[in-house]
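A.B. asks: upload.pdb is reproduced below (PDB, C-alpha atoms, pLDDT in the B column).
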```pdb
ATOM      1  CA  MET C   1     -22.794   7.216  -8.266  1.00 95.00           C
ATOM      2  CA  LYS C   2     -22.924   3.988 -10.244  1.00 97.00           C
ATOM      3  CA  ILE C   3     -20.063   1.608  -9.490  1.00 97.00           C
ATOM      4  CA  ALA C   4     -18.696  -1.666 -10.805  1.00 98.00           C
ATOM      5  CA  ILE C   5     -16.852  -3.914  -8.364  1.00 98.00           C
ATOM      6  CA  ALA C   6     -13.866  -5.833  -9.746  1.00 97.00           C
ATOM      7  CA  GLY C   7     -12.938  -8.703  -7.451  1.00 95.00           C
ATOM      8  CA  TYR C   8     -15.604 -10.304  -5.263  1.00 95.00           C
ATOM      9  CA  GLY C   9     -13.530 -11.596  -2.398  1.00 90.00           C
ATOM     10  CA  LYS C  10     -13.861 -10.397   1.188  1.00 88.00           C
ATOM     11  CA  MET C  11     -13.260  -6.743   0.332  1.00 91.00           C
ATOM     12  CA  GLY C  12     -15.428  -6.750  -2.779  1.00 94.00           C
ATOM     13  CA  LYS C  13     -18.290  -8.260  -0.799  1.00 94.00           C
ATOM     14  CA  MET C  14     -17.897  -5.637   1.934  1.00 94.00           C
ATOM     15  CA  VAL C  15     -17.952  -2.816  -0.633  1.00 96.00           C
ATOM     16  CA  HIS C  16     -21.119  -4.330  -2.100  1.00 96.00           C
ATOM     17  CA  LEU C  17     -22.755  -4.638   1.320  1.00 95.00           C
ATOM     18  CA  LEU C  18     -22.031  -1.007   2.213  1.00 95.00           C
ATOM     19  CA  ALA C  19     -23.106   0.231  -1.225  1.00 95.00           C
ATOM     20  CA  LYS C  20     -26.510  -1.438  -0.778  1.00 93.00           C
ATOM     21  CA  GLY C  21     -27.106   0.765   2.262  1.00 91.00           C
ATOM     22  CA  MET C  22     -26.174   4.033   0.520  1.00 92.00           C
ATOM     23  CA  ASP C  23     -28.866   6.085  -1.208  1.00 90.00           C
ATOM     24  CA  ASN C  24     -26.375   7.702  -3.598  1.00 90.00           C
ATOM     25  CA  VAL C  25     -24.604   4.505  -4.757  1.00 94.00           C
ATOM     26  CA  GLU C  26     -25.792   1.843  -7.200  1.00 95.00           C
ATOM     27  CA  VAL C  27     -23.805  -1.272  -8.147  1.00 97.00           C
ATOM     28  CA  THR C  28     -24.067  -1.935 -11.884  1.00 97.00           C
ATOM     29  CA  ASN C  29     -21.725  -4.920 -12.290  1.00 96.00           C
ATOM     30  CA  ILE C  30     -19.763  -7.344 -10.137  1.00 97.00           C
ATOM     31  CA  ILE C  31     -16.750  -8.809 -11.913  1.00 97.00           C
ATOM     32  CA  ASP C  32     -14.870 -11.903 -10.766  1.00 95.00           C
ATOM     33  CA  PRO C  33     -13.607 -14.939 -12.711  1.00 92.00           C
ATOM     34  CA  ALA C  34     -13.842 -17.404  -9.836  1.00 83.00           C
ATOM     35  CA  ALA C  35     -16.269 -16.121  -7.224  1.00 73.00           C
ATOM     36  CA  GLY C  36     -18.935 -18.747  -7.968  1.00 78.00           C
ATOM     37  CA  ASN C  37     -21.568 -16.360  -6.660  1.00 85.00           C
ATOM     38  CA  ALA C  38     -24.968 -15.513  -8.130  1.00 89.00           C
ATOM     39  CA  GLU C  39     -24.199 -11.811  -7.605  1.00 92.00           C
ATOM     40  CA  VAL C  40     -21.350 -11.936 -10.164  1.00 94.00           C
ATOM     41  CA  THR C  41     -22.351 -10.528 -13.563  1.00 95.00           C
ATOM     42  CA  ASP C  42     -19.062 -10.733 -15.490  1.00 95.00           C
ATOM     43  CA  GLU C  43     -15.880 -12.791 -15.451  1.00 94.00           C
ATOM     44  CA  ARG C  44     -13.471 -10.130 -16.740  1.00 95.00           C
ATOM     45  CA  VAL C  45     -13.062  -6.368 -16.732  1.00 97.00           C
ATOM     46  CA  THR C  46     -13.952  -5.230 -20.233  1.00 97.00           C
ATOM     47  CA  ALA C  47     -15.298  -2.089 -21.858  1.00 97.00           C
ATOM     48  CA  ASP C  48     -18.771  -3.659 -21.750  1.00 97.00           C
ATOM     49  CA  SER C  49     -18.608  -4.734 -18.100  1.00 97.00           C
ATOM     50  CA  ILE C  50     -17.756  -1.213 -16.889  1.00 97.00           C
ATOM     51  CA  ARG C  51     -19.728   0.735 -19.491  1.00 96.00           C
ATOM     52  CA  ASP C  52     -22.579   1.744 -17.173  1.00 96.00           C
ATOM     53  CA  ALA C  53     -20.392   2.579 -14.163  1.00 97.00           C
ATOM     54  CA  ASP C  54     -19.268   6.046 -13.115  1.00 97.00           C
ATOM     55  CA  ALA C  55     -16.388   4.413 -11.233  1.00 97.00           C
ATOM     56  CA  VAL C  56     -14.815   0.998 -10.720  1.00 98.00           C
ATOM     57  CA  ILE C  57     -13.638  -0.209  -7.328  1.00 98.00           C
ATOM     58  CA  ASP C  58     -10.971  -2.828  -7.937  1.00 97.00           C
ATOM     59  CA  PHE C  59     -10.052  -5.383  -5.278  1.00 95.00           C
ATOM     60  CA  SER C  60      -9.135  -8.066  -7.806  1.00 93.00           C
ATOM     61  CA  SER C  61      -5.795  -9.913  -7.833  1.00 90.00           C
ATOM     62  CA  SER C  62      -2.203  -8.918  -8.507  1.00 88.00           C
ATOM     63  CA  GLN C  63      -2.322 -11.222 -11.551  1.00 91.00           C
ATOM     64  CA  ALA C  64      -5.337  -9.442 -13.067  1.00 93.00           C
ATOM     65  CA  VAL C  65      -4.894  -5.826 -12.057  1.00 94.00           C
ATOM     66  CA  MET C  66      -2.504  -4.694 -14.813  1.00 95.00           C
ATOM     67  CA  GLU C  67      -4.817  -5.969 -17.545  1.00 96.00           C
ATOM     68  CA  ASN C  68      -7.691  -4.254 -15.736  1.00 96.00           C
ATOM     69  CA  ILE C  69      -5.741  -0.990 -15.692  1.00 97.00           C
ATOM     70  CA  ARG C  70      -5.167  -1.271 -19.441  1.00 97.00           C
ATOM     71  CA  VAL C  71      -8.951  -1.450 -19.871  1.00 97.00           C
ATOM     72  CA  TYR C  72      -9.446   1.544 -17.568  1.00 98.00           C
ATOM     73  CA  ALA C  73      -6.929   3.512 -19.646  1.00 97.00           C
ATOM     74  CA  ARG C  74      -8.520   2.579 -22.986  1.00 97.00           C
ATOM     75  CA  CYS C  75     -11.969   3.491 -21.656  1.00 97.00           C
ATOM     76  CA  SER C  76     -10.796   6.663 -19.847  1.00 97.00           C
ATOM     77  CA  ALA C  77     -12.462   5.186 -16.780  1.00 97.00           C
ATOM     78  CA  THR C  78     -12.483   6.318 -13.168  1.00 97.00           C
ATOM     79  CA  ALA C  79     -11.045   3.540 -10.997  1.00 98.00           C
ATOM     80  CA  VAL C  80     -10.138   3.105  -7.351  1.00 97.00           C
ATOM     81  CA  ILE C  81      -7.604   0.299  -6.987  1.00 96.00           C
ATOM     82  CA  GLY C  82      -7.068  -1.458  -3.677  1.00 92.00           C
ATOM     83  CA  THR C  83      -5.324  -4.478  -5.170  1.00 88.00           C
ATOM     84  CA  THR C  84      -1.698  -4.793  -4.057  1.00 82.00           C
ATOM     85  CA  GLY C  85       1.409  -6.340  -5.610  1.00 82.00           C
ATOM     86  CA  TRP C  86       1.623  -4.223  -8.779  1.00 88.00           C
ATOM     87  CA  LEU C  87       3.365  -1.004  -7.718  1.00 87.00           C
ATOM     88  CA  ASP C  88       6.602  -1.982  -9.468  1.00 89.00           C
ATOM     89  CA  HIS C  89       4.580  -1.270 -12.655  1.00 92.00           C
ATOM     90  CA  LEU C  90       3.695   2.270 -11.548  1.00 92.00           C
ATOM     91  CA  ASP C  91       5.763   3.944 -14.293  1.00 94.00           C
ATOM     92  CA  GLU C  92       4.032   1.758 -16.881  1.00 95.00           C
ATOM     93  CA  VAL C  93       0.639   2.775 -15.474  1.00 95.00           C
ATOM     94  CA  LYS C  94       1.558   6.455 -15.738  1.00 95.00           C
ATOM     95  CA  LYS C  95       2.351   5.926 -19.420  1.00 95.00           C
ATOM     96  CA  LEU C  96      -0.837   3.929 -19.985  1.00 95.00           C
ATOM     97  CA  ILE C  97      -3.138   6.645 -18.682  1.00 95.00           C
ATOM     98  CA  GLY C  98      -1.126   9.535 -20.115  1.00 93.00           C
ATOM     99  CA  GLY C  99      -3.058  11.163 -22.921  1.00 92.00           C
ATOM    100  CA  THR C 100      -6.323   9.627 -21.731  1.00 96.00           C
ATOM    101  CA  ASP C 101      -9.066  11.006 -19.514  1.00 97.00           C
ATOM    102  CA  ALA C 102      -8.672   8.158 -17.043  1.00 97.00           C
ATOM    103  CA  ARG C 103      -8.659   8.909 -13.326  1.00 97.00           C
ATOM    104  CA  ILE C 104      -7.039   6.282 -11.128  1.00 97.00           C
ATOM    105  CA  LEU C 105      -6.540   6.350  -7.370  1.00 97.00           C
ATOM    106  CA  TYR C 106      -4.504   3.573  -5.774  1.00 94.00           C
ATOM    107  CA  SER C 107      -3.645   2.520  -2.250  1.00 89.00           C
ATOM    108  CA  GLY C 108      -2.675  -0.573  -0.305  1.00 82.00           C
ATOM    109  CA  ASN C 109      -5.175   0.468   2.369  1.00 84.00           C
ATOM    110  CA  PHE C 110      -8.260   2.683   2.056  1.00 89.00           C
ATOM    111  CA  SER C 111      -8.972   3.047   5.759  1.00 88.00           C
ATOM    112  CA  LEU C 112      -9.080   6.748   6.632  1.00 88.00           C
ATOM    113  CA  GLY C 113      -7.739   5.819  10.061  1.00 90.00           C
ATOM    114  CA  VAL C 114      -4.753   4.081   8.476  1.00 91.00           C
ATOM    115  CA  THR C 115      -4.145   7.128   6.310  1.00 88.00           C
ATOM    116  CA  LEU C 116      -4.021   9.298   9.418  1.00 91.00           C
ATOM    117  CA  PHE C 117      -1.728   6.712  11.040  1.00 95.00           C
ATOM    118  CA  LEU C 118       0.664   6.955   8.085  1.00 93.00           C
ATOM    119  CA  MET C 119       0.667  10.737   8.317  1.00 91.00           C
ATOM    120  CA  LEU C 120       1.514  10.501  12.011  1.00 95.00           C
ATOM    121  CA  VAL C 121       4.292   8.004  11.264  1.00 97.00           C
ATOM    122  CA  GLN C 122       5.817  10.382   8.751  1.00 95.00           C
ATOM    123  CA  GLU C 123       5.624  13.374  11.075  1.00 96.00           C
ATOM    124  CA  ALA C 124       7.017  11.423  14.044  1.00 98.00           C
ATOM    125  CA  SER C 125       9.952  10.305  11.899  1.00 98.00           C
ATOM    126  CA  ARG C 126      10.666  13.909  10.992  1.00 98.00           C
ATOM    127  CA  LEU C 127      10.505  14.990  14.626  1.00 98.00           C
ATOM    128  CA  ILE C 128      13.108  12.445  15.779  1.00 98.00           C
ATOM    129  CA  SER C 129      15.388  12.840  12.762  1.00 97.00           C
ATOM    130  CA  ASN C 130      17.786  14.998  14.787  1.00 96.00           C
ATOM    131  CA  ILE C 131      17.515  12.927  17.985  1.00 97.00           C
ATOM    132  CA  PRO C 132      19.804   9.938  17.336  1.00 96.00           C
ATOM    133  CA  SER C 133      19.089   8.329  20.707  1.00 97.00           C
ATOM    134  CA  TYR C 134      15.676   7.232  19.438  1.00 98.00           C
ATOM    135  CA  ASP C 135      15.417   4.088  17.344  1.00 98.00           C
ATOM    136  CA  VAL C 136      12.313   2.906  15.442  1.00 98.00           C
ATOM    137  CA  ALA C 137      10.652  -0.308  14.305  1.00 98.00           C
ATOM    138  CA  ILE C 138       7.352  -1.326  12.711  1.00 98.00           C
ATOM    139  CA  SER C 139       5.155  -4.267  13.675  1.00 98.00           C
ATOM    140  CA  GLU C 140       1.932  -5.668  12.236  1.00 97.00           C
ATOM    141  CA  ILE C 141      -0.552  -8.398  13.150  1.00 97.00           C
ATOM    142  CA  HIS C 142      -3.157  -9.940  10.828  1.00 95.00           C
ATOM    143  CA  HIS C 143      -5.447 -12.957  10.609  1.00 94.00           C
ATOM    144  CA  SER C 144      -3.916 -16.314   9.769  1.00 95.00           C
ATOM    145  CA  GLU C 145      -5.417 -16.412   6.249  1.00 89.00           C
ATOM    146  CA  LYS C 146      -3.604 -13.292   5.048  1.00 89.00           C
ATOM    147  CA  ALA C 147      -1.394 -14.268   2.110  1.00 81.00           C
ATOM    148  CA  ASP C 148       1.232 -11.507   2.076  1.00 85.00           C
ATOM    149  CA  SER C 149       3.811 -10.696   4.725  1.00 90.00           C
ATOM    150  CA  PRO C 150       4.652  -8.029   5.636  1.00 92.00           C
ATOM    151  CA  SER C 151       1.394  -6.252   4.876  1.00 90.00           C
ATOM    152  CA  GLY C 152       1.212  -3.579   2.224  1.00 85.00           C
ATOM    153  CA  THR C 153       0.329  -1.061   4.920  1.00 90.00           C
ATOM    154  CA  ALA C 154       3.440  -1.952   6.938  1.00 94.00           C
ATOM    155  CA  LEU C 155       5.563  -1.377   3.852  1.00 92.00           C
ATOM    156  CA  MET C 156       3.810   1.959   3.273  1.00 90.00           C
ATOM    157  CA  ALA C 157       4.603   2.935   6.869  1.00 96.00           C
ATOM    158  CA  ALA C 158       8.227   1.919   6.356  1.00 97.00           C
ATOM    159  CA  GLU C 159       8.490   4.153   3.288  1.00 95.00           C
ATOM    160  CA  LYS C 160       7.112   7.041   5.346  1.00 96.00           C
ATOM    161  CA  VAL C 161       9.839   6.476   7.943  1.00 98.00           C
ATOM    162  CA  LEU C 162      12.605   6.255   5.348  1.00 98.00           C
ATOM    163  CA  SER C 163      11.393   9.445   3.675  1.00 97.00           C
ATOM    164  CA  ARG C 164      11.998  11.476   6.836  1.00 97.00           C
ATOM    165  CA  LEU C 165      14.614   9.583   8.884  1.00 98.00           C
ATOM    166  CA  GLU C 166      17.944   9.668   7.059  1.00 96.00           C
ATOM    167  CA  ARG C 167      19.695   7.246   9.421  1.00 97.00           C
ATOM    168  CA  LYS C 168      17.344   4.507   8.222  1.00 98.00           C
ATOM    169  CA  ASN C 169      17.749   3.537   4.565  1.00 97.00           C
ATOM    170  CA  GLU C 170      17.087  -0.210   4.423  1.00 97.00           C
ATOM    171  CA  ILE C 171      14.015  -2.275   5.302  1.00 97.00           C
ATOM    172  CA  LEU C 172      14.531  -5.560   7.115  1.00 97.00           C
ATOM    173  CA  THR C 173      11.516  -7.866   7.055  1.00 94.00           C
ATOM    174  CA  GLY C 174      11.155 -10.742   9.475  1.00 87.00           C
ATOM    175  CA  ASN C 175      13.712 -11.827  12.044  1.00 86.00           C
ATOM    176  CA  SER C 176      17.274 -10.564  11.867  1.00 85.00           C
ATOM    177  CA  GLU C 177      20.181 -12.966  11.611  1.00 85.00           C
ATOM    178  CA  GLY C 178      22.290 -11.631  14.419  1.00 90.00           C
ATOM    179  CA  LYS C 179      22.509  -7.952  15.376  1.00 94.00           C
ATOM    180  CA  ILE C 180      20.412  -5.563  13.342  1.00 94.00           C
ATOM    181  CA  ARG C 181      22.389  -2.805  11.616  1.00 95.00           C
ATOM    182  CA  ASP C 182      21.833   0.809  12.626  1.00 96.00           C
ATOM    183  CA  ASN C 183      20.603   1.753   9.151  1.00 97.00           C
ATOM    184  CA  GLN C 184      17.979  -1.015   9.060  1.00 97.00           C
ATOM    185  CA  LEU C 185      14.299  -0.478   9.791  1.00 98.00           C
ATOM    186  CA  GLN C 186      12.785  -3.755  10.934  1.00 97.00           C
ATOM    187  CA  ILE C 187       9.235  -4.843  10.148  1.00 97.00           C
ATOM    188  CA  THR C 188       7.953  -7.772  12.166  1.00 96.00           C
ATOM    189  CA  SER C 189       4.786  -9.677  11.256  1.00 96.00           C
ATOM    190  CA  MET C 190       2.484 -11.980  13.189  1.00 97.00           C
ATOM    191  CA  ARG C 191      -0.319 -14.107  11.708  1.00 97.00           C
ATOM    192  CA  VAL C 192      -2.906 -15.367  14.162  1.00 97.00           C
ATOM    193  CA  GLY C 193      -6.633 -16.039  14.378  1.00 97.00           C
ATOM    194  CA  HIS C 194      -9.024 -13.480  12.936  1.00 93.00           C
ATOM    195  CA  VAL C 195      -7.277 -10.128  13.562  1.00 93.00           C
ATOM    196  CA  PRO C 196      -8.422  -7.606  10.887  1.00 89.00           C
ATOM    197  CA  GLY C 197      -5.184  -5.653  11.226  1.00 92.00           C
ATOM    198  CA  VAL C 198      -2.936  -3.949  13.767  1.00 97.00           C
ATOM    199  CA  HIS C 199      -0.028  -1.708  12.742  1.00 97.00           C
ATOM    200  CA  ALA C 200       2.348   0.068  15.077  1.00 98.00           C
ATOM    201  CA  LEU C 201       5.398   2.306  14.977  1.00 98.00           C
ATOM    202  CA  THR C 202       7.590   1.902  18.046  1.00 98.00           C
ATOM    203  CA  ILE C 203       9.952   4.762  18.896  1.00 98.00           C
ATOM    204  CA  ASP C 204      12.363   3.663  21.590  1.00 98.00           C
ATOM    205  CA  GLY C 205      14.956   5.668  23.542  1.00 98.00           C
ATOM    206  CA  PRO C 206      17.108   5.094  26.624  1.00 97.00           C
ATOM    207  CA  ALA C 207      14.464   6.478  28.984  1.00 98.00           C
ATOM    208  CA  ASP C 208      11.092   5.876  27.313  1.00 98.00           C
ATOM    209  CA  THR C 209       9.082   4.331  24.521  1.00 98.00           C
ATOM    210  CA  ILE C 210       6.505   5.990  22.270  1.00 98.00           C
ATOM    211  CA  THR C 211       4.031   3.867  20.308  1.00 98.00           C
ATOM    212  CA  ILE C 212       1.762   5.019  17.485  1.00 98.00           C
ATOM    213  CA  GLN C 213      -0.770   2.295  16.702  1.00 98.00           C
ATOM    214  CA  HIS C 214      -3.758   1.695  14.469  1.00 97.00           C
ATOM    215  CA  SER C 215      -6.105  -1.206  15.197  1.00 96.00           C
ATOM    216  CA  ALA C 216      -8.862  -2.097  12.751  1.00 91.00           C
ATOM    217  CA  ARG C 217     -12.083  -3.464  14.253  1.00 89.00           C
ATOM    218  CA  ASN C 218     -13.314  -4.928  10.971  1.00 84.00           C
ATOM    219  CA  ARG C 219     -13.039  -4.536   7.177  1.00 82.00           C
ATOM    220  CA  GLU C 220     -15.834  -1.978   7.014  1.00 88.00           C
ATOM    221  CA  GLY C 221     -13.444   0.946   7.390  1.00 87.00           C
ATOM    222  CA  PHE C 222     -11.422  -0.190   4.384  1.00 88.00           C
ATOM    223  CA  ALA C 223     -14.500  -0.593   2.178  1.00 92.00           C
ATOM    224  CA  SER C 224     -16.031   2.692   3.336  1.00 92.00           C
ATOM    225  CA  GLY C 225     -12.809   4.518   2.546  1.00 92.00           C
ATOM    226  CA  ALA C 226     -12.762   3.064  -0.973  1.00 94.00           C
ATOM    227  CA  LEU C 227     -16.317   4.262  -1.616  1.00 95.00           C
ATOM    228  CA  GLN C 228     -15.518   7.727  -0.283  1.00 93.00           C
ATOM    229  CA  ALA C 229     -12.368   7.820  -2.400  1.00 95.00           C
ATOM    230  CA  ALA C 230     -14.423   6.970  -5.496  1.00 96.00           C
ATOM    231  CA  LEU C 231     -16.855   9.808  -4.800  1.00 94.00           C
ATOM    232  CA  TRP C 232     -13.889  12.180  -4.405  1.00 95.00           C
ATOM    233  CA  LEU C 233     -12.078  10.900  -7.508  1.00 96.00           C
ATOM    234  CA  MET C 234     -15.070  11.545  -9.746  1.00 95.00           C
ATOM    235  CA  LYS C 235     -14.665  15.267  -9.047  1.00 95.00           C
ATOM    236  CA  GLN C 236     -10.947  15.379  -9.863  1.00 96.00           C
ATOM    237  CA  ASP C 237      -9.092  16.049 -13.104  1.00 96.00           C
ATOM    238  CA  LYS C 238      -7.731  13.147 -15.122  1.00 96.00           C
ATOM    239  CA  GLY C 239      -4.547  11.558 -13.814  1.00 96.00           C
ATOM    240  CA  LEU C 240      -3.035   9.244 -11.215  1.00 96.00           C
ATOM    241  CA  TYR C 241      -3.728   9.793  -7.511  1.00 96.00           C
ATOM    242  CA  SER C 242      -2.741   8.127  -4.250  1.00 91.00           C
ATOM    243  CA  MET C 243      -4.538   7.893  -0.928  1.00 87.00           C
ATOM    244  CA  ASP C 244      -2.279  10.720   0.262  1.00 85.00           C
ATOM    245  CA  ASP C 245      -3.956  13.054  -2.253  1.00 90.00           C
ATOM    246  CA  PHE C 246      -7.392  12.102  -0.972  1.00 90.00           C
ATOM    247  CA  ALA C 247      -6.340  12.410   2.672  1.00 85.00           C
ATOM    248  CA  THR C 248      -4.786  15.821   2.064  1.00 84.00           C
ATOM    249  CA  SER C 249      -8.114  17.064   0.735  1.00 85.00           C
ATOM    250  CA  LEU C 250      -9.758  15.948   3.986  1.00 79.00           C
ATOM    251  CA  THR C 251      -7.163  17.307   6.412  1.00 76.00           C
ATOM    252  CA  GLY C 252      -6.249  20.474   4.547  1.00 72.00           C
ATOM    253  CA  GLY C 253      -2.573  19.582   4.992  1.00 60.00           C
ATOM    254  CA  ASN C 254       0.283  18.785   2.665  1.00 52.00           C
ATOM    255  CA  ALA C 255       0.857  15.113   1.972  1.00 48.00           C
ATOM    256  CA  ASP C 256       4.523  15.770   1.207  1.00 50.00           C
ATOM    257  CA  ALA C 257       5.225  18.106   4.085  1.00 41.00           C
TER
END
```
So, in terms of structure tokens, how does the structure I just supplied come out?
C.D. replies:
Amino acid sequence: MKIAIAGYGKMGKMVHLLAKGMDNVEVTNIIDPAAGNAEVTDERVTADSIRDADAVIDFSSSQAVMENIRVYARCSATAVIGTTGWLDHLDEVKKLIGGTDARILYSGNFSLGVTLFLMLVQEASRLISNIPSYDVAISEIHHSEKADSPSGTALMAAEKVLSRLERKNEILTGNSEGKIRDNQLQITSMRVGHVPGVHALTIDGPADTITIQHSARNREGFASGALQAALWLMKQDKGLYSMDDFATSLTGGNADA
């Protein structure tokens, strides 16, 4: 598989590092307008900069990703997008790639462990849906340089809870002002040191507490998942896919069950 990497920040560099150690992966282009690195071959995603690639792995910026997607659509490209902050344009993306042969897979987190965590969160929420004595909350911890809060993964986990737990229909981020309402699902965030990422669902009842937690050791799992997703996407029909679709193929389950 020949890949182009769009965005040469921490994740783009990790994808590149892992790709160098894989016999079946070759990096054709590295695209970044401001990386200032000798490895960078192009400043922008264009038809020329992705021409030789079987797939693009995009960890660019929320400011650039929509223009990148327009290029992927025009070129009927295969692209794995890990950039966050653009999902409010999802309907526009569906229209852009409609009628093209483009294949796009998107996720706020490509760690296979996180994907399993999200599946467990969804199933746990379903299991307690008829047990009103249990309340739930989400927490996340990341390194102090992380720009967004709460994390995209925490928001994904919250959506999983809301999809299965009818008594929760509103997300509260940060600290509450006074008593939290029964319908609110709180997400708390901590930024400290060098933590790659910790996400947890706390299920609390009068007599006990259940915690489902994912702790990342490093960024390698995220980059590895993106490369595996690209290999999988190349074998799929044209269209728009999420990490749930990829995970379902691995587990043999139903992402919407």
A.B. asks: Can you spell out as a ChimeraX atom specification the set of residues that the PyMOL selection byres ((chain C and resi 144-158) around 9) selects in the structure I just provided?
C.D. replies: /C:84-85,107-109,114,117-119,121-122,137-143,159-163,171,173-174,185-195,199-201
A.B. asks: Taking into account all atoms listed in the file, which residue in the set C:Tyr134, C:Tyr8, C:Phe110, C:Tyr72 is nearest to C:Lys238?
C.D. replies: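 Result for the nearest residue to C:Lys238: C:Tyr72.
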A.B. asks: Pick the closest to C:Ala102 from C:Phe246, C:Tyr241, C:Trp86, C:Phe59: which is it, counting only C-alpha atoms?
C.D. replies: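 Checking each of C:Phe246, C:Tyr241, C:Trp86, C:Phe59 against C:Ala102, counting only C-alpha atoms, the winner is C:Tyr241.
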A.B. asks: Hey, which of C:Val65, C:Ala4, C:Ser176, C:Ala73 ends up closest to C:Asp42? Count only C-alpha atoms.
C.D. replies: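 Ranking C:Val65, C:Ala4, C:Ser176, C:Ala73 by distance to C:Asp42, first place goes to C:Ala4.
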A.B. asks: Applied to the shown file, which residues does the PyMOL selection byres ((chain C and resi 202-207) around 6) return, written as a CSV table (one decimal) with C-alpha atoms, in the frame of the given file?
C.D. replies:
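Dumped everything to expr38.csv:
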```
chain,number,residue,atom,x,y,z
C,133,SER,CA,19.1,8.3,20.7
C,134,TYR,CA,15.7,7.2,19.4
C,135,ASP,CA,15.4,4.1,17.3
C,136,VAL,CA,12.3,2.9,15.4
C,137,ALA,CA,10.7,-0.3,14.3
C,201,LEU,CA,5.4,2.3,15.0
C,208,ASP,CA,11.1,5.9,27.3
C,209,THR,CA,9.1,4.3,24.5
C,210,ILE,CA,6.5,6.0,22.3
C,211,THR,CA,4.0,3.9,20.3
```
A.B. asks: As an exercise, work out the distance from atom CA of C:Ala216 to atom CA of C:Ser62 in Å and give it to one decimal place.
C.D. replies: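 Distance reported for this atom pair: 23.3 Å.
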A.B. asks: How would you write, as an MDAnalysis selection string, the residues chosen by the PyMOL selection byres ((chain C and resi 89-94) around 10) on this structure?
C.D. replies: chainID C and resid 66 69:70 73 85:88 95:99 104 239:240
A.B. asks: From (-12.1, 17.0, -13.8), in the file's coordinates, out to 12 Å: which residues are reached, counting only C-alpha atoms? Answer as a list of chain:residue names.
C.D. replies: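 Using only C-alpha atoms, the matching residues come out as C:Thr78, C:Asp101, C:Ala102, C:Arg103, C:Trp232, C:Leu233, C:Met234, C:Lys235, C:Gln236, C:Asp237, C:Lys238, C:Gly239.
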A.B. asks: Reconstruct N, CA and C atoms of stretch 91-103 of chain C from the incomplete input and present them as a PDB file, keeping the file's coordinate frame.
C.D. replies:
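In the end it all went to part07.pdb:
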```
ATOM      1  N   ASP C  91       5.336   3.120 -13.151  1.00 94.00           N
ATOM      2  CA  ASP C  91       5.763   3.944 -14.293  1.00 94.00           C
ATOM      3  C   ASP C  91       5.017   3.538 -15.559  1.00 94.00           C
ATOM      4  N   GLU C  92       4.797   2.239 -15.730  1.00 95.00           N
ATOM      5  CA  GLU C  92       4.032   1.758 -16.881  1.00 95.00           C
ATOM      6  C   GLU C  92       2.599   2.270 -16.834  1.00 95.00           C
ATOM      7  N   VAL C  93       2.013   2.288 -15.628  1.00 95.00           N
ATOM      8  CA  VAL C  93       0.639   2.775 -15.474  1.00 95.00           C
ATOM      9  C   VAL C  93       0.556   4.258 -15.834  1.00 95.00           C
ATOM     10  N   LYS C  94       1.543   5.024 -15.405  1.00 95.00           N
ATOM     11  CA  LYS C  94       1.558   6.455 -15.738  1.00 95.00           C
ATOM     12  C   LYS C  94       1.561   6.651 -17.248  1.00 95.00           C
ATOM     13  N   LYS C  95       2.316   5.828 -17.958  1.00 95.00           N
ATOM     14  CA  LYS C  95       2.351   5.926 -19.420  1.00 95.00           C
ATOM     15  C   LYS C  95       1.018   5.492 -20.027  1.00 95.00           C
ATOM     16  N   LEU C  96       0.425   4.438 -19.453  1.00 95.00           N
ATOM     17  CA  LEU C  96      -0.837   3.929 -19.985  1.00 95.00           C
ATOM     18  C   LEU C  96      -1.944   4.969 -19.928  1.00 95.00           C
ATOM     19  N   ILE C  97      -2.026   5.698 -18.815  1.00 95.00           N
ATOM     20  CA  ILE C  97      -3.138   6.645 -18.682  1.00 95.00           C
ATOM     21  C   ILE C  97      -2.784   8.033 -19.210  1.00 95.00           C
ATOM     22  N   GLY C  98      -1.514   8.253 -19.526  1.00 93.00           N
ATOM     23  CA  GLY C  98      -1.126   9.535 -20.115  1.00 93.00           C
ATOM     24  C   GLY C  98      -1.806   9.726 -21.460  1.00 93.00           C
ATOM     25  N   GLY C  99      -2.350  10.897 -21.673  1.00 92.00           N
ATOM     26  CA  GLY C  99      -3.058  11.163 -22.921  1.00 92.00           C
ATOM     27  C   GLY C  99      -4.482  10.659 -22.948  1.00 92.00           C
ATOM     28  N   THR C 100      -4.928  10.055 -21.845  1.00 96.00           N
ATOM     29  CA  THR C 100      -6.323   9.627 -21.731  1.00 96.00           C
ATOM     30  C   THR C 100      -7.023  10.490 -20.678  1.00 96.00           C
ATOM     31  N   ASP C 101      -8.314  10.294 -20.545  1.00 97.00           N
ATOM     32  CA  ASP C 101      -9.066  11.006 -19.514  1.00 97.00           C
ATOM     33  C   ASP C 101      -9.294  10.134 -18.276  1.00 97.00           C
ATOM     34  N   ALA C 102      -8.524   9.058 -18.180  1.00 97.00           N
ATOM     35  CA  ALA C 102      -8.672   8.158 -17.043  1.00 97.00           C
ATOM     36  C   ALA C 102      -8.278   8.839 -15.739  1.00 97.00           C
ATOM     37  N   ARG C 103      -8.986   8.462 -14.688  1.00 97.00           N
ATOM     38  CA  ARG C 103      -8.659   8.909 -13.326  1.00 97.00           C
ATOM     39  C   ARG C 103      -8.492   7.649 -12.487  1.00 97.00           C
TER      40      ARG C 103
END
```
